[in-house]
Structures are given as C-alpha cells and as structure tokens.
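File shown here: work-v2.cif, holding mmCIF, C-alpha atoms.
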data_coords
loop_
_atom_site.label_atom_id
_atom_site.label_comp_id
_atom_site.auth_asym_id
_atom_site.auth_seq_id
_atom_site.Cartn_x
_atom_site.Cartn_y
_atom_site.Cartn_z
CA MET A 1 -149.82 40.55 -193.09
CA LEU A 2 -147.43 41.69 -190.38
CA GLU A 3 -144.50 40.40 -192.37
CA ALA A 4 -145.67 42.26 -195.44
CA ALA A 5 -145.85 45.46 -193.42
CA GLY A 6 -142.19 45.16 -192.54
CA THR A 7 -141.13 48.07 -190.33
CA ASN A 8 -144.33 50.07 -190.85
CA ILE A 9 -145.96 48.75 -187.72
CA PHE A 10 -146.70 50.23 -184.31
CA ASN A 11 -147.86 49.04 -180.95
CA TYR A 12 -151.51 50.03 -180.59
CA MET A 13 -150.97 50.52 -176.83
CA PHE A 14 -148.60 53.41 -177.47
CA VAL A 15 -150.89 56.06 -176.00
CA GLU A 16 -151.11 54.39 -172.61
CA THR A 17 -147.52 53.20 -172.60
CA TYR A 18 -146.11 56.67 -172.91
CA GLY A 19 -148.85 58.39 -170.88
CA MET A 20 -149.89 60.64 -173.74
CA ASN A 21 -153.62 60.41 -173.19
CA THR A 22 -154.02 63.67 -171.26
CA ASP A 23 -151.88 65.54 -173.76
CA GLN A 24 -153.83 64.15 -176.69
CA LEU A 25 -157.20 65.05 -175.20
CA VAL A 26 -156.38 68.74 -175.58
CA PRO A 27 -156.10 68.82 -179.40
CA TRP A 28 -158.99 66.35 -179.64
CA ASN A 29 -161.08 68.75 -177.57
CA SER A 30 -160.17 71.67 -179.81
CA PHE A 31 -160.95 69.53 -182.86
CA LEU A 32 -164.39 68.54 -181.60
CA ALA A 33 -165.11 72.13 -180.61
CA GLY A 34 -164.36 73.17 -184.19
CA ASP A 35 -161.23 75.18 -183.45
CA LEU A 36 -158.92 72.75 -185.24
CA ASP A 37 -159.35 71.12 -188.64
CA GLY A 38 -158.22 67.60 -189.46
CA LYS A 39 -154.79 68.72 -190.50
CA GLY A 40 -154.30 70.71 -187.31
CA LEU A 41 -155.39 67.75 -185.21
CA THR A 42 -153.02 65.29 -186.84
CA SER A 43 -150.08 67.67 -186.68
CA ALA A 44 -150.79 68.40 -183.01
CA LEU A 45 -150.95 64.68 -182.24
CA GLN A 46 -147.77 64.11 -184.23
CA LYS A 47 -146.06 66.83 -182.22
CA ILE A 48 -146.93 65.04 -178.97
CA SER A 49 -145.56 61.74 -180.32
CA ASP A 50 -142.42 63.45 -181.61
CA LYS A 51 -141.80 64.94 -178.20
CA VAL A 52 -141.82 61.47 -176.67
CA ARG A 53 -139.63 60.09 -179.46
CA GLU A 54 -136.98 62.75 -178.99
CA ASP A 55 -136.92 62.39 -175.21
CA ASP A 56 -133.97 60.21 -174.24
CA SER A 57 -135.19 59.76 -170.69
CA VAL A 58 -138.22 57.76 -171.86
CA ASP A 59 -137.61 54.03 -172.27
CA LYS A 60 -139.02 53.02 -175.64
CA VAL A 61 -141.02 49.84 -175.99
CA LYS A 62 -139.69 47.59 -178.73
CA VAL A 63 -142.26 47.00 -181.45
CA SER A 64 -142.23 43.45 -182.78
CA MET B 1 -120.88 105.05 -105.40
CA LYS B 2 -121.69 101.98 -107.34
CA ASP B 3 -124.45 101.08 -104.99
CA THR B 4 -126.41 104.19 -105.86
CA ILE B 5 -126.92 103.16 -109.45
CA PRO B 6 -130.42 101.82 -109.95
CA THR B 7 -130.36 98.07 -109.79
CA ALA B 8 -132.62 97.44 -112.75
CA GLU B 9 -129.68 97.42 -115.12
CA THR B 10 -127.34 95.23 -113.14
CA ALA B 11 -130.08 92.83 -112.27
CA SER B 12 -130.92 92.10 -115.87
CA ARG B 13 -127.36 91.82 -117.12
CA ARG B 14 -124.71 89.44 -116.03
CA PRO B 15 -122.09 91.77 -114.63
CA GLU B 16 -118.49 90.64 -114.90
CA PRO B 17 -117.52 88.11 -117.56
CA ALA B 18 -118.71 90.14 -120.53
CA ALA B 19 -116.66 93.09 -119.32
CA ARG B 20 -113.56 90.93 -119.25
CA GLY B 21 -113.91 90.41 -122.96
CA GLY B 22 -114.60 86.69 -122.74
CA ARG B 23 -117.88 85.21 -123.77
CA PRO B 24 -120.57 85.10 -121.11
CA ARG B 25 -120.10 82.30 -118.62
CA ARG B 26 -122.03 79.19 -119.56
CA ARG B 27 -124.82 78.37 -117.20
CA LYS B 28 -124.68 75.09 -115.43
CA LEU B 29 -126.34 72.31 -117.41
CA THR B 30 -128.77 71.05 -114.88
CA PHE B 31 -131.13 68.21 -115.63
CA ASP B 32 -134.00 70.70 -115.88
CA ARG B 33 -132.27 72.81 -118.47
CA VAL B 34 -131.19 69.88 -120.60
CA THR B 35 -134.64 68.32 -120.67
CA PHE B 36 -136.16 71.72 -121.35
CA PHE B 37 -133.95 72.23 -124.38
CA LEU B 38 -134.55 68.72 -125.59
CA ALA B 39 -138.30 69.01 -125.36
CA PHE B 40 -138.81 72.54 -126.63
CA LEU B 41 -135.93 72.94 -129.05
CA GLY B 42 -134.68 69.48 -129.92
CA VAL B 43 -137.97 67.81 -130.80
CA PRO B 44 -139.37 70.57 -133.06
CA LEU B 45 -135.98 71.00 -134.70
CA ALA B 46 -135.68 67.28 -135.32
CA ILE B 47 -139.17 67.12 -136.81
CA PHE B 48 -138.41 70.15 -138.97
CA VAL B 49 -135.15 68.69 -140.22
CA ILE B 50 -136.51 65.20 -140.85
CA PHE B 51 -139.79 66.16 -142.47
CA VAL B 52 -138.98 69.49 -144.12
CA LEU B 53 -135.31 70.10 -144.77
CA ILE B 54 -134.29 66.57 -145.77
CA PRO B 55 -137.21 66.20 -148.22
CA PHE B 56 -136.25 69.58 -149.69
CA GLY B 57 -132.74 68.30 -150.30
CA GLN B 58 -134.05 65.02 -151.65
CA ALA B 59 -136.40 66.82 -154.04
CA ILE B 60 -133.59 68.94 -155.42
CA PHE B 61 -131.55 65.79 -155.89
CA TRP B 62 -134.35 63.83 -157.61
CA ALA B 63 -134.97 66.83 -159.84
CA MET B 64 -131.55 66.21 -161.37
CA THR B 65 -132.15 62.54 -162.13
CA ASP B 66 -134.24 60.68 -164.66
CA TRP B 67 -135.83 58.51 -161.99
CA ARG B 68 -139.01 56.80 -163.22
CA GLY B 69 -140.73 56.45 -159.87
CA PHE B 70 -140.68 52.67 -159.65
CA SER B 71 -137.38 51.94 -161.32
CA PRO B 72 -134.56 50.69 -159.09
CA ASP B 73 -131.86 52.58 -160.92
CA TYR B 74 -131.61 56.09 -162.27
CA ASN B 75 -129.06 58.32 -163.91
CA PHE B 76 -127.87 61.68 -162.74
CA VAL B 77 -128.66 64.09 -165.56
CA GLY B 78 -127.75 67.46 -164.06
CA PHE B 79 -129.93 70.31 -165.31
CA ASP B 80 -131.35 68.43 -168.31
CA ASN B 81 -134.79 68.32 -166.74
CA PHE B 82 -134.81 72.07 -166.34
CA THR B 83 -133.68 72.80 -169.89
CA LYS B 84 -136.27 70.33 -171.17
CA MET B 85 -138.92 72.05 -169.10
CA PHE B 86 -138.27 75.48 -170.54
CA GLN B 87 -138.50 74.10 -174.07
CA ASP B 88 -141.79 72.38 -173.33
CA ASP B 89 -144.61 74.53 -174.67
CA ILE B 90 -147.16 72.90 -172.38
CA PHE B 91 -145.14 73.69 -169.26
CA LEU B 92 -144.59 77.27 -170.40
CA LYS B 93 -148.32 77.63 -170.88
CA ALA B 94 -148.87 76.30 -167.35
CA LEU B 95 -146.34 78.81 -166.06
CA ARG B 96 -148.17 81.62 -167.82
CA ASN B 97 -151.48 80.42 -166.40
CA VAL B 98 -150.26 80.37 -162.80
CA ALA B 99 -148.74 83.80 -163.34
CA LEU B 100 -152.19 85.05 -164.37
CA LEU B 101 -153.73 83.40 -161.31
CA ALA B 102 -151.10 84.87 -159.01
CA VAL B 103 -151.71 88.35 -160.39
CA PHE B 104 -155.50 88.44 -160.42
CA VAL B 105 -156.74 86.15 -157.65
CA PRO B 106 -155.05 87.95 -154.71
CA LEU B 107 -155.86 91.38 -156.11
CA VAL B 108 -159.56 90.71 -156.67
CA THR B 109 -160.01 88.66 -153.51
CA LEU B 110 -158.37 91.19 -151.24
CA THR B 111 -160.15 94.15 -152.81
CA LEU B 112 -163.49 92.47 -152.27
CA ALA B 113 -162.53 91.29 -148.80
CA LEU B 114 -161.45 94.79 -147.82
CA GLY B 115 -164.72 96.18 -149.15
CA VAL B 116 -166.75 93.70 -147.13
CA ALA B 117 -164.64 94.25 -144.01
CA VAL B 118 -164.92 98.03 -144.24
CA ALA B 119 -168.68 97.86 -144.78
CA ILE B 120 -169.07 95.56 -141.78
CA THR B 121 -166.87 97.53 -139.40
CA LEU B 122 -166.98 101.16 -140.57
CA GLY B 123 -169.64 101.51 -143.21
CA GLY B 124 -172.43 102.55 -140.85
CA PRO B 125 -174.24 105.90 -140.51
CA SER B 126 -171.99 108.94 -140.48
CA LYS B 127 -173.50 110.29 -137.25
CA GLY B 128 -172.68 108.89 -133.83
CA PRO B 129 -169.87 106.42 -133.09
CA VAL B 130 -168.04 104.70 -135.91
CA ARG B 131 -169.80 101.43 -136.61
CA GLY B 132 -170.76 99.03 -139.34
CA ILE B 133 -173.82 98.84 -141.51
CA ARG B 134 -177.05 97.51 -140.07
CA GLY B 135 -177.03 93.72 -139.73
CA ALA B 136 -173.23 93.70 -139.87
CA SER B 137 -172.78 90.54 -137.82
CA PHE B 138 -175.27 88.73 -140.06
CA TYR B 139 -173.28 89.65 -143.17
CA ARG B 140 -170.05 88.73 -141.45
CA ILE B 141 -171.32 85.20 -140.84
CA ILE B 142 -172.80 84.91 -144.32
CA SER B 143 -169.58 86.02 -145.99
CA PHE B 144 -167.71 83.26 -144.19
CA PHE B 145 -169.98 80.47 -145.42
CA PRO B 146 -168.18 79.63 -148.70
CA TYR B 147 -164.94 79.15 -146.82
CA VAL B 148 -166.55 76.54 -144.57
CA VAL B 149 -167.27 74.38 -147.62
CA PRO B 150 -164.21 72.28 -148.51
CA ALA B 151 -162.41 73.41 -151.66
CA ILE B 152 -163.06 70.18 -153.52
CA ILE B 153 -166.81 70.53 -152.89
CA VAL B 154 -166.69 74.14 -154.07
CA GLY B 155 -165.01 72.97 -157.26
CA LEU B 156 -167.51 70.19 -157.88
CA ILE B 157 -170.52 72.40 -157.15
CA TRP B 158 -169.30 75.10 -159.52
CA ALA B 159 -168.47 72.54 -162.19
CA GLN B 160 -172.18 71.67 -162.07
CA MET B 161 -173.19 75.33 -162.00
CA TYR B 162 -171.18 76.00 -165.16
CA ASP B 163 -172.59 72.95 -166.94
CA PRO B 164 -173.52 74.07 -170.47
CA ASN B 165 -176.80 72.20 -170.72
CA ALA B 166 -178.11 71.65 -167.20
CA GLY B 167 -176.14 74.25 -165.26
CA LEU B 168 -177.77 76.71 -162.90
CA LEU B 169 -175.84 79.66 -164.34
CA ASN B 170 -177.02 79.14 -167.90
CA GLY B 171 -180.50 78.37 -166.62
CA VAL B 172 -180.65 81.74 -164.84
CA LEU B 173 -179.16 83.62 -167.80
CA THR B 174 -181.58 82.10 -170.33
CA GLY B 175 -184.40 82.65 -167.86
CA LEU B 176 -183.50 86.35 -167.94
CA GLY B 177 -183.87 86.27 -171.70
CA LEU B 178 -180.20 86.02 -172.66
CA ASP B 179 -180.65 83.22 -175.16
CA GLN B 180 -177.08 83.24 -176.43
CA PHE B 181 -176.08 81.51 -173.19
CA ASP B 182 -178.35 78.56 -173.93
CA THR B 183 -175.56 76.00 -174.24
CA PHE B 184 -172.63 78.23 -173.49
CA ALA B 185 -169.71 76.21 -172.10
CA TRP B 186 -168.14 78.51 -169.52
CA LEU B 187 -165.30 76.11 -168.83
CA GLY B 188 -165.09 74.99 -172.44
CA GLU B 189 -164.31 78.27 -174.18
CA LYS B 190 -160.75 79.51 -174.24
CA THR B 191 -161.78 83.05 -173.39
CA THR B 192 -164.01 82.31 -170.42
CA ALA B 193 -162.42 79.25 -168.81
CA MET B 194 -159.76 81.15 -166.89
CA PRO B 195 -162.02 83.98 -165.62
CA ALA B 196 -164.64 81.41 -164.60
CA LEU B 197 -162.00 79.47 -162.67
CA MET B 198 -160.70 82.63 -161.01
CA PHE B 199 -164.22 83.61 -160.00
CA VAL B 200 -164.69 80.30 -158.19
CA ILE B 201 -161.39 80.63 -156.32
CA VAL B 202 -162.25 84.20 -155.32
CA TRP B 203 -165.74 83.12 -154.28
CA GLY B 204 -164.33 80.39 -152.10
CA LEU B 205 -161.73 82.49 -150.32
CA VAL B 206 -163.11 86.00 -149.97
CA GLY B 207 -165.00 85.31 -146.74
CA PHE B 208 -161.95 84.17 -144.85
CA TYR B 209 -159.96 87.25 -145.77
CA ALA B 210 -162.93 89.49 -144.97
CA VAL B 211 -162.94 88.05 -141.44
CA LEU B 212 -159.16 88.48 -141.24
CA PHE B 213 -159.46 92.15 -142.22
CA ILE B 214 -162.35 92.70 -139.83
CA ALA B 215 -160.13 91.51 -137.01
CA ALA B 216 -157.30 93.78 -138.22
CA ILE B 217 -159.58 96.82 -138.50
CA LYS B 218 -160.93 96.21 -134.99
CA GLY B 219 -157.35 96.63 -133.80
CA VAL B 220 -157.12 100.14 -135.24
CA PRO B 221 -157.97 102.83 -132.63
CA ALA B 222 -161.39 104.34 -133.26
CA GLU B 223 -160.10 107.88 -132.67
CA LEU B 224 -158.33 107.68 -136.01
CA TYR B 225 -161.63 107.22 -137.78
CA GLU B 226 -163.31 109.92 -135.73
CA ALA B 227 -160.46 112.29 -136.53
CA ALA B 228 -160.65 111.44 -140.21
CA ARG B 229 -164.38 112.01 -140.16
CA ILE B 230 -164.04 115.38 -138.45
CA ASP B 231 -161.52 116.31 -141.12
CA GLY B 232 -164.20 115.59 -143.66
CA ALA B 233 -162.89 112.36 -145.16
CA GLY B 234 -165.47 110.25 -146.93
CA ARG B 235 -165.69 106.48 -146.65
CA LEU B 236 -163.51 105.78 -149.67
CA ARG B 237 -160.90 108.27 -148.53
CA THR B 238 -160.94 106.81 -145.03
CA THR B 239 -160.49 103.31 -146.42
CA VAL B 240 -157.58 104.22 -148.67
CA SER B 241 -155.79 106.67 -146.39
CA VAL B 242 -156.49 105.36 -142.88
CA THR B 243 -157.58 101.74 -142.94
CA LEU B 244 -155.24 100.43 -145.60
CA PRO B 245 -152.02 101.86 -144.10
CA ALA B 246 -153.07 100.75 -140.62
CA ILE B 247 -153.62 97.12 -141.60
CA ARG B 248 -150.90 96.81 -144.22
CA ASP B 249 -149.15 93.99 -142.39
CA SER B 250 -152.34 91.92 -142.52
CA VAL B 251 -152.70 92.75 -146.19
CA GLN B 252 -149.16 91.62 -146.88
CA THR B 253 -149.65 88.33 -145.06
CA ALA B 254 -152.94 87.73 -146.82
CA TYR B 255 -151.38 88.55 -150.17
CA ILE B 256 -148.66 85.96 -149.70
CA TYR B 257 -151.09 83.29 -148.48
CA LEU B 258 -153.37 83.92 -151.42
CA GLY B 259 -150.49 83.97 -153.85
CA ILE B 260 -149.38 80.55 -152.67
CA ALA B 261 -152.96 79.27 -152.91
CA ALA B 262 -153.33 80.71 -156.42
CA LEU B 263 -150.01 79.35 -157.64
CA ASP B 264 -151.10 75.91 -156.51
CA ALA B 265 -154.90 75.96 -157.11
CA PHE B 266 -154.72 72.22 -157.69
CA VAL B 267 -157.96 71.29 -155.97
CA TYR B 268 -160.07 73.77 -157.90
CA VAL B 269 -158.66 73.03 -161.34
CA GLN B 270 -158.70 69.29 -160.79
CA ALA B 271 -162.35 69.45 -159.78
CA MET B 272 -163.48 71.76 -162.58
CA VAL B 273 -161.17 71.28 -165.56
CA PRO B 274 -159.21 68.08 -164.86
CA ASN B 275 -157.50 67.94 -168.26
CA GLY B 276 -156.19 71.45 -168.40
CA GLY B 277 -159.17 73.15 -169.97
CA PRO B 278 -159.68 74.10 -173.61
CA ASP B 279 -156.30 74.30 -175.34
CA ASN B 280 -154.62 74.04 -171.91
CA SER B 281 -155.90 77.49 -171.01
CA THR B 282 -156.34 76.63 -167.33
CA LEU B 283 -153.51 74.14 -166.88
CA THR B 284 -151.53 74.82 -163.73
CA ILE B 285 -148.02 73.68 -162.85
CA SER B 286 -149.30 71.42 -160.09
CA GLN B 287 -151.68 69.73 -162.49
CA ARG B 288 -148.98 69.24 -165.09
CA LEU B 289 -146.68 67.88 -162.39
CA PHE B 290 -149.35 65.42 -161.33
CA ASN B 291 -149.82 64.11 -164.87
CA VAL B 292 -146.13 63.91 -165.63
CA ALA B 293 -145.46 62.00 -162.43
CA PHE B 294 -148.40 59.62 -162.28
CA ALA B 295 -149.43 59.19 -165.92
CA LYS B 296 -146.04 59.39 -167.62
CA GLN B 297 -144.02 58.09 -164.67
CA GLN B 298 -141.35 60.72 -165.16
CA PHE B 299 -140.82 61.40 -161.48
CA GLY B 300 -137.48 63.10 -161.92
CA TYR B 301 -138.93 65.54 -164.43
CA ALA B 302 -142.01 66.11 -162.27
CA THR B 303 -139.85 66.81 -159.23
CA ALA B 304 -137.97 69.40 -161.26
CA MET B 305 -141.31 71.08 -161.97
CA GLY B 306 -142.01 71.08 -158.25
CA VAL B 307 -138.69 72.76 -157.60
CA VAL B 308 -139.49 75.43 -160.19
CA LEU B 309 -142.91 75.94 -158.60
CA ALA B 310 -141.25 76.40 -155.22
CA VAL B 311 -138.87 78.95 -156.70
CA VAL B 312 -141.75 80.79 -158.35
CA THR B 313 -143.57 80.88 -155.00
CA LEU B 314 -140.51 82.28 -153.24
CA VAL B 315 -140.09 84.91 -155.96
CA PHE B 316 -143.72 85.88 -155.53
CA ALA B 317 -143.31 86.26 -151.77
CA ALA B 318 -140.13 88.30 -152.28
CA LEU B 319 -141.96 90.56 -154.73
CA VAL B 320 -144.76 91.16 -152.24
CA PHE B 321 -142.23 92.01 -149.53
CA LEU B 322 -140.36 94.29 -151.92
CA VAL B 323 -143.48 96.15 -153.04
CA ASN B 324 -144.56 96.58 -149.43
CA ARG B 325 -141.13 97.88 -148.50
CA LEU B 326 -140.97 100.25 -151.47
CA THR B 327 -144.37 101.72 -150.71
CA GLY B 328 -143.23 102.51 -147.20
CA GLY B 329 -144.24 99.59 -145.04
CA GLY B 330 -142.27 96.72 -143.60
CA GLU B 331 -141.17 95.17 -140.37
CA GLY B 332 -138.47 97.60 -139.26
CA GLU B 333 -140.67 100.64 -139.59
CA SER B 334 -143.59 99.33 -137.60
CA LYS B 335 -141.29 98.28 -134.78
CA ARG B 336 -139.70 101.67 -134.42
CA LYS B 337 -142.92 103.63 -134.43
CA ALA B 338 -146.01 103.16 -132.40
CA PRO B 339 -148.65 101.18 -134.28
CA GLY B 340 -151.01 103.40 -136.15
CA SER B 341 -148.69 106.37 -136.32
CA ARG B 342 -148.51 105.99 -140.07
CA ALA B 343 -152.26 105.95 -140.24
CA ARG B 344 -152.42 108.99 -138.02
CA ARG B 345 -150.11 110.88 -140.29
CA ALA B 346 -152.02 109.75 -143.31
CA ALA B 347 -155.23 110.90 -141.68
CA ALA B 348 -153.69 114.25 -140.93
CA LYS B 349 -152.52 114.54 -144.50
CA GLY B 350 -155.90 113.50 -145.77
CA GLY B 351 -157.52 116.21 -143.67
CA ALA B 352 -155.11 118.87 -144.85
CA GLY B 353 -155.38 117.96 -148.48
#

What does this structure look like when you write it as structure tokens?
Amino acid sequence: MLEAAGTNIFNYMFVETYGMNTDQLVPWNSFLAGDLDGKGLTSALQKISDKVREDDSVDKVKVS
Amino acid sequence: MKDTIPTAETASRRPEPAARGGRPRRRKLTFDRVTFFLAFLGVPLAIFVIFVLIPFGQAIFWAMTDWRGFSPDYNFVGFDNFTKMFQDDIFLKALRNVALLAVFVPLVTLTLALGVAVAITLGGPSKGPVRGIRGASFYRIISFFPYVVPAIIVGLIWAQMYDPNAGLLNGVLTGLGLDQFDTFAWLGEKTTAMPALMFVIVWGLVGFYAVLFIAAIKGVPAELYEAARIDGAGRLRTTVSVTLPAIRDSVQTAYIYLGIAALDAFVYVQAMVPNGGPDNSTLTISQRLFNVAFAKQQFGYATAMGVVLAVVTLVFAALVFLVNRLTGGGEGESKRKAPGSRARRAAAKGGAG
C-alpha cells in the first residue's frame, strides 16, 4: 500500500516533530466554538504547516 | 590674610594639586582602602558583569543564530530571525496584545490605587484635621490582601471563577437573574478574554500600589491640604491639583514597574489561558517565546523575541520618562526646588481659579 502511494505519504508524527500543537489548537478552538467552518479550519492548519515548510531554519524529517 | 577665610571650604577641598592644573593627587593605596574597594565595588560589579551584562551580550548573539537549543552546532544568520518575526502574524498579534496590556493595566491599576490611597489618607470628614475615612487602617490592610497571594494562585483561582459551567462569577450572575451568562465563557470569547485577563492583573496588583501611594501621600506636608481646603478645593480637585503633582515621582516609578509587569504577564496568562486564548487574543510575547523555545526548539528565534521584548520594555520606560518630563516633572526639577513646591503652586493656582 505504501508503495502504491508513492510520494503521497506523510509522517503521522509531524505535529509533535515540528512543535505545531499549540499553534493548531487555536484554529481548532475557533472551529469548535463555531467561529470557523471546515474550510477555514483546513486552510488555517495548512497555513501553519506551510510556515514550517518555508522555514529554512527547521530541520525537516525525511519521510520514508 | 588667608587665615581669616573660613576653614569650611579649605577643609573639604584638597588645596594645592588641583590648582596646579594636574589631576588630584592619588591617595595612598593602603590595605584598608584596597579591601574596601574590593568588597564594596569589586564584588557587586563582578556579579553584575557575570550575571547581567554577559548574559545580555550572549542573548543578543544567540538571537542572530539558528541555534536549536540542544544542537552542538549552529549557523550565524544575522537579522533573519528578526525579519522572520515581523512577518509572523502570530508574533505580531502577541505584540499588539502586550501593547494593549501595557496601555490599560498601568492606567487602570494606578487610577484605582490612587483612589484607594486618597480615600484612606485624605478622604475623611471635611472638618478638623485632614484624615482618612473611618476604618481607614482596616481598608488599607484589606486592599493589600490580593497582593499577598502569589500570582500563580491568583491566576488559578480566577481561572476557576471564570469557569463557564461551574464558575463563581457565572453562578452569581445567573443567581441575580442574568440568564444569558448561564454558560458564558469569559476566557473563551474573543471580546471578553482580554478584559477578563486585565481585570485579574489589576485585581492582583492594585493593593500594593495603593500602599505605595499611601506612603507617598504621608510624605506630603499636611499644610498643603489644609491650605487647599481653606481655598475651597474639593476632594477631587485636591487629588488632581495637590496630591498628584506632589507624588508624581512615585507615580512614575509605579508606572514603569507596572508596565514591565504587564508586558511580561506570563504567570497570569499561563495560569488562565495557557494556549493563547481564543484566536490568540490573549497571547503575550513571553508566552509565544516559551512555546517557540520549548515546544519548537527554536532557541535562536525565541531569544530574538526576548531581545525584542526587552527593547519594547525600554521604549515603554523611555515613553513614561518623556511624558513625565513633558508634563513638567522629572529629576532635575525636583532637585532644584524644595519638595512640594510644585504642589504648593498648584494649590495656590487651584485656589485662585
């Protein structure tokens, strides 16, 4: 199954690895309070991940 | 002729070498003098340099690296951390939040503290000597109680008080018939989280500053107040025109202390809204720094935030000094004139006006 997925895989520990938990709690909180819809939540979470991706000072874990 | 000149001058000044144009003759370095300097100047200076100045320098250096905290090597990145910081929307929000705290917390706290202090020292009956309201010493002790409780306990207690379902605050409000507060999350709504947090900080600190102001007001000569009263000044007028100018140095000091406390505020926010509050509306720089350093292990970046926080604190202190200077206070003035002369003039003006 992993082979079939090719490059479309991710490490499920990514939240802890990059210390994004606290950042992600904020949009999750807004979502559960009803201030954000599903689309807003996913885009906010994506923004947090993108910030880590574009940060050169963060050592990226190799996904295999 | 020379002998007739009073000796007070010559006794206090070393006579000859300065007149010759050279620098004053160096005193002999006896064992007593050397040990005295070592103990009273050398030791404090060494402690200050080792534990204050060197860490400052280190922090500024680490702020320009991408050190990860536990990594053996790091790269020097110059001002990258700072440019990154000012593009980070979360950090900018934290900066805005501490700015709000620094504006409102000192203002509200000191206004309340001044009110309490004036009531306790001067608010008494308008006949007879100037004195406080009845039971003044009782109120003075009571007002100090919140400050005796450690800040972390204050934060935890108020976190329970604000609890939406079981909190005392909502219990009292619904008990009064205000049913819309049934499950109202004071720390969970964007609009109320920050004011609720500010209220707790003010609640925790107002007693201390009330006691500080009481001590300052006790140092103001009572004749000033009697004169103001004879001139027909009411209590509010006396407070604004006599008390406030007379204790302005205390107010300035208190303002700077409180500003530093409000810019930090780490204990209170960490106890009440540990994750930055709804939509980061109560996130402070210190909290962000803590997360970046210990959750993300970006120590270099976090140190840069600390440097920015230090700069913000210094700017705040400079602003307070500047405002005090512009409104006519300041060190130089109070040294030249007798203490209270400003207040006396103000009282005279208040009476004439």

Any chance you could tabulate, as JSON lines, the residues of chain B at most 9 Å from chain A with each one's nearest atom pair and distance in Å to one decimal, using only C-alpha atoms, in chain and rising number order?
{"residue": "B:Asp66", "atom": "CA", "partner": "A:Ser57", "partner_atom": "CA", "distance": 6.2}
{"residue": "B:Trp67", "atom": "CA", "partner": "A:Ser57", "partner_atom": "CA", "distance": 8.8}
{"residue": "B:Arg68", "atom": "CA", "partner": "A:Val58", "partner_atom": "CA", "distance": 8.7}
{"residue": "B:Lys84", "atom": "CA", "partner": "A:Asp55", "partner_atom": "CA", "distance": 8.9}
{"residue": "B:Asp88", "atom": "CA", "partner": "A:Lys51", "partner_atom": "CA", "distance": 8.9}
{"residue": "B:Ile90", "atom": "CA", "partner": "A:Asp23", "partner_atom": "CA", "distance": 8.9}
{"residue": "B:Gly188", "atom": "CA", "partner": "A:Ala33", "partner_atom": "CA", "distance": 8.7}
{"residue": "B:Glu189", "atom": "CA", "partner": "A:Ala33", "partner_atom": "CA", "distance": 8.9}
{"residue": "B:Asn275", "atom": "CA", "partner": "A:Thr22", "partner_atom": "CA", "distance": 6.3}
{"residue": "B:Gly276", "atom": "CA", "partner": "A:Val26", "partner_atom": "CA", "distance": 7.7}
{"residue": "B:Gly277", "atom": "CA", "partner": "A:Val26", "partner_atom": "CA", "distance": 7.7}
{"residue": "B:Pro278", "atom": "CA", "partner": "A:Val26", "partner_atom": "CA", "distance": 6.6}
{"residue": "B:Asp279", "atom": "CA", "partner": "A:Val26", "partner_atom": "CA", "distance": 5.6}
{"residue": "B:Asn280", "atom": "CA", "partner": "A:Val26", "partner_atom": "CA", "distance": 6.7}
{"residue": "B:Asn291", "atom": "CA", "partner": "A:Thr22", "partner_atom": "CA", "distance": 7.7}
{"residue": "B:Val292", "atom": "CA", "partner": "A:Gly19", "partner_atom": "CA", "distance": 8.1}
{"residue": "B:Phe294", "atom": "CA", "partner": "A:Gly19", "partner_atom": "CA", "distance": 8.7}
{"residue": "B:Ala295", "atom": "CA", "partner": "A:Gly19", "partner_atom": "CA", "distance": 5.1}
{"residue": "B:Lys296", "atom": "CA", "partner": "A:Gly19", "partner_atom": "CA", "distance": 4.4}
{"residue": "B:Gln297", "atom": "CA", "partner": "A:Gly19", "partner_atom": "CA", "distance": 7.9}
{"residue": "B:Gln298", "atom": "CA", "partner": "A:Val58", "partner_atom": "CA", "distance": 8.0}

With distances taken over only C-alpha atoms, the candidate from B:Gln252, B:Thr284, B:Thr192, B:Thr327 nearest Leu107 in chain B is B:Gln252

CA of Pro195 in chain B and CA of Ile157 in chain B, how far apart in Å?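 Between CA of Ile157 in chain B and CA of Pro195 in chain B the gap works out to 16.7 Å.
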
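CA of Tyr139 in chain B sits 27.5 Å away from CA of Gly232 in chain B.
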
Contacts of Leu283 in chain B within 12 Å, all atoms listed in the file, excl. fewer than 3 positions in-chain, as an MDAnalysis selection string: (chainID A and resid 22:23 26) or (chainID B and resid 89:101 190 193:194 197 263:266 268:270 272:280 286:291)

Take CA of Val308 in chain B and CA of Val154 in chain B and report the distance between them in Å, one decimal.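 Separation between CA of Val308 in chain B and CA of Val154 in chain B: 27.9 Å.
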
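Across the chains present, the PyMOL selection byres ((chain B and resi 144) around 8) applied to this file returns Arg140, Ile141, Ile142, Ser143, Phe145, Pro146, Tyr147, Val148, Val206, Gly207, Phe208, Ala210 and Val211 of chain B.
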
If the PyMOL selection byres ((chain B and resi 261) around 10) is run on the structure shown, which residues does it catch, given as a ChimeraX atom specification? /B:101-102,105-106,201,205,255-260,262-267,313

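The set of residues that the PyMOL selection byres ((chain B and resi 304) around 8) takes from this file is Ala59, Ile60, Trp62, Ala63, Met64, Asn81, Phe82, Gly300, Tyr301, Ala302, Thr303, Met305, Gly306, Val307 and Val308 of chain B.
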
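Closest to Thr253 in chain B among B:Ala185, B:Leu178, B:Ala318, B:Val149 is B:Ala318, based on only C-alpha atoms.
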
Could you list, as a list of chain:residue names, every residue within 12 Å of Ile9 in chain A, counting all atoms listed in the file and ignoring same-chain residues fewer than 6 positions away?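 The neighbour list is A:Met1, A:Leu2, A:Glu3, A:Lys62, A:Val63, A:Ser64.
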